[in-house]
Amino acid sequence: MRTNLRNALAAFVLLTLCFAGHLRAETKQPAKMKASAVEVKMIPSDELTLPPEFRVSLYENLIEQLRKRAVFPSVYRDGDRNAGNAADLITLECTVVKFKKGNETLRQVTMVAGATSMTLRCEFTDKNGNSLLVRDITGKVRFFGGNLKATYDFAKKTAKVAEENFSSASRRS
Amino acid sequence: MISTVRVALIAITLSFCFSVSRAQQAQTETGAVQLIGFAGLKENTKGRLTVINGSLHFTYSKGYVDVCAASIEDVVTGKDSQRLIGGTFGTVASIAAPYGSGSALPFFRKKVDILTIQYRDADGGLHGAIFTMPRGQADPIKKELLAQGAHTSEPILADLIKNLSDSREEKR
């Protein structure tokens, strides 16, 4: 009787473990896309009114964060002639969807109002112009720091999205 | 005779030196903070900005960076304000000051000019750099850059007004 109970318990534990493993396999992310280089395009000026310092800060922060995360072995700037020779090159283009310039003083005094926020549509395309991934990413600065800090927040999130979806052959997973 | 020639030569040399120094003084030089952009430089690097020999020259404590004016595709100026007591000290002070007096600190602000440039490197790659400087200093730098071959998407306001008044006169 006791042996039967022990066997039933062991079977139950085994079944639970199998089921948990199955669930984990299901929630596993899809395979990452391969890319060994990325060319970051400058944010177009003809979109929503975005001050030039924000455009430049977004662009420079994006390049810095993508290099820092080391998702791609090579990160090229907009118009770099060397990008043409790179195999598995993808292009990152961001367009402004929403932009609200906050107020640093108001932010620090009230701790509630005056946040700077921006939403950009980031599109990763391959060499033939086929879209690989499109995401709307938001950058914000709520409490401390200047308005330009929102561009840093945006760049960090974009680099994370790139890390989650792309990998290079030379990079260890 | 020889001494007269010597004196004349010295005088010419001195006058030449004087005129060169006057010409260098005429160039705009201003204290600036590089917010982001130049490779190898940390954010918020303080230095001096000037336009010299057809280049934008930024000197900081550990060296200098030159950007050829002809390679600059866009120079834009803007206006903003900054905290007078900023950085980590300013943040800590605004939180930790007794009886909530720190909440007054953000009100002490200074007005600054912003100079944003976009330029191409030797491989054609686009770079951007942002500087802040005391109010009224960005426009002279922009003017000098434009005179030495840089381009802009936003003409200087004075030129814009002049063009507008010229066109009005032509219509009359």
# chains A, B, ... in the order shown; residues from 1 in each chain; ligands from 1
>>> residues_around(residues="range 148-157 of chain A", least_positions_apart="6", cutoff="12 Å", atoms="only C-alpha atoms", output="ChimeraX atom specification")
/A:40,43,50-69,92,94,96,99-104,115-122,135-142,163-164 /B:35-36,43,80,82,130
>>> residues_around(residues="Glu29 in chain B", least_positions_apart="4", cutoff="9 Å", atoms="only C-alpha atoms", output="ChimeraX atom specification")
/B:25,48-51,137,141
>>> closest_residue(among="A:Lys98, A:Arg6, A:Lys34, A:Arg81", to="Thr49 in chain A", atoms="only C-alpha atoms")
A:Lys98
>>> closest_residue(among="A:Lys127, A:Thr110, A:Thr105, A:Thr158", to="chain B", atoms="only C-alpha atoms")
A:Thr105
>>> closest_residue(among="A:Met33, A:Leu132, A:Met42, A:Ile90", to="chain B", atoms="only C-alpha atoms")
A:Met42
>>> atom_distance(atom1="CA of Asn44 in chain B", atom2="CA of Ala37 in chain A")
29.2 Å
>>> residues_around(residues="Asn53 in chain B", least_positions_apart="5", cutoff="10 Å", atoms="only C-alpha atoms", output="ChimeraX atom specification")
/B:68-69,148
>>> residues_around(residues="Ser36 in chain A", least_positions_apart="2", cutoff="6 Å", atoms="only C-alpha atoms", output="list of chain:residue names")
A:Phe72, A:Pro73, A:Asp88, A:Ser168
>>> select_by_dssp(residues="range 64-127 of chain A", states="alpha helix (DSSP H)", output="list in words")
Glu64, Gln65, Leu66, Arg67, Lys68, Arg69, Glu104, Thr105, Leu106, Arg107, Gln108, Val109 and Thr110 of chain A
>>> write_last_selection(atoms="N, CA and C atoms", output="CSV table (one decimal), in the first residue's frame")
chain,number,residue,atom,x,y,z
A,64,GLU,N,26.1,54.8,-29.7
A,64,GLU,CA,26.8,54.4,-28.5
A,64,GLU,C,26.3,53.2,-27.8
A,65,GLN,N,25.0,53.1,-27.6
A,65,GLN,CA,24.3,52.0,-26.9
A,65,GLN,C,24.5,50.7,-27.7
A,66,LEU,N,24.3,50.8,-29.0
A,66,LEU,CA,24.4,49.6,-29.9
A,66,LEU,C,25.9,49.0,-29.8
A,67,ARG,N,26.8,49.9,-29.7
A,67,ARG,CA,28.2,49.5,-29.6
A,67,ARG,C,28.5,49.0,-28.2
A,68,LYS,N,27.9,49.6,-27.2
A,68,LYS,CA,28.1,49.1,-25.8
A,68,LYS,C,27.5,47.7,-25.6
A,69,ARG,N,26.4,47.5,-26.1
A,69,ARG,CA,25.7,46.2,-26.0
A,69,ARG,C,26.4,45.1,-26.8
A,104,GLU,N,12.2,71.0,-17.1
A,104,GLU,CA,13.1,70.4,-16.1
A,104,GLU,C,12.8,71.0,-14.7
A,105,THR,N,12.5,72.3,-14.7
A,105,THR,CA,12.2,73.0,-13.4
A,105,THR,C,10.9,72.4,-12.8
A,106,LEU,N,9.9,72.3,-13.6
A,106,LEU,CA,8.6,71.8,-13.2
A,106,LEU,C,8.7,70.4,-12.7
A,107,ARG,N,9.5,69.6,-13.4
A,107,ARG,CA,9.8,68.2,-13.1
A,107,ARG,C,10.4,68.1,-11.7
A,108,GLN,N,11.3,68.9,-11.4
A,108,GLN,CA,12.1,68.8,-10.2
A,108,GLN,C,11.3,69.4,-9.0
A,109,VAL,N,10.5,70.3,-9.3
A,109,VAL,CA,9.7,71.0,-8.2
A,109,VAL,C,8.5,70.1,-7.8
A,110,THR,N,7.7,69.7,-8.9
A,110,THR,CA,6.5,69.0,-8.6
A,110,THR,C,6.6,67.5,-8.5
>>> residues_around(residues="Gly128 in chain B", least_positions_apart="4", cutoff="6 Å", atoms="only C-alpha atoms", output="list in words")
Val56 of chain A; Gly37, Ile117 and Gln118 of chain B
>>> closest_residue(among="B:Met133, B:Ala32, B:Val76, B:Ala122", to="His57 in chain B", atoms="only C-alpha atoms")
B:Ala32
>>> atom_distance(atom1="CA of Ile52 in chain B", atom2="CA of Gly136 in chain B")
19.2 Å
>>> decode(residues="range 111-132 of chain B", atoms="C-alpha atoms", output="mmCIF file, in the first residue's frame")
data_model
loop_
_atom_site.group_PDB
_atom_site.id
_atom_site.type_symbol
_atom_site.label_atom_id
_atom_site.label_comp_id
_atom_site.auth_asym_id
_atom_site.auth_seq_id
_atom_site.Cartn_x
_atom_site.Cartn_y
_atom_site.Cartn_z
ATOM 1 C CA LYS B 111 20.363 80.838 -20.008
ATOM 2 C CA VAL B 112 22.551 79.100 -22.565
ATOM 3 C CA ASP B 113 22.929 78.836 -26.327
ATOM 4 C CA ILE B 114 23.006 75.444 -28.001
ATOM 5 C CA LEU B 115 25.127 74.818 -31.079
ATOM 6 C CA THR B 116 24.351 71.610 -32.974
ATOM 7 C CA ILE B 117 26.512 70.463 -35.868
ATOM 8 C CA GLN B 118 26.316 67.538 -38.262
ATOM 9 C CA TYR B 119 29.416 66.602 -40.240
ATOM 10 C CA ARG B 120 30.842 63.778 -42.354
ATOM 11 C CA ASP B 121 34.071 61.890 -41.649
ATOM 12 C CA ALA B 122 36.556 60.649 -44.274
ATOM 13 C CA ASP B 123 34.435 57.505 -44.923
ATOM 14 C CA GLY B 124 31.263 59.532 -45.388
ATOM 15 C CA GLY B 125 29.810 58.581 -41.997
ATOM 16 C CA LEU B 126 27.526 61.156 -40.431
ATOM 17 C CA HIS B 127 28.472 62.522 -37.009
ATOM 18 C CA GLY B 128 26.670 64.924 -34.745
ATOM 19 C CA ALA B 129 27.864 67.083 -31.871
ATOM 20 C CA ILE B 130 26.074 69.331 -29.412
ATOM 21 C CA PHE B 131 27.628 72.207 -27.470
ATOM 22 C CA THR B 132 26.240 74.578 -24.888
#
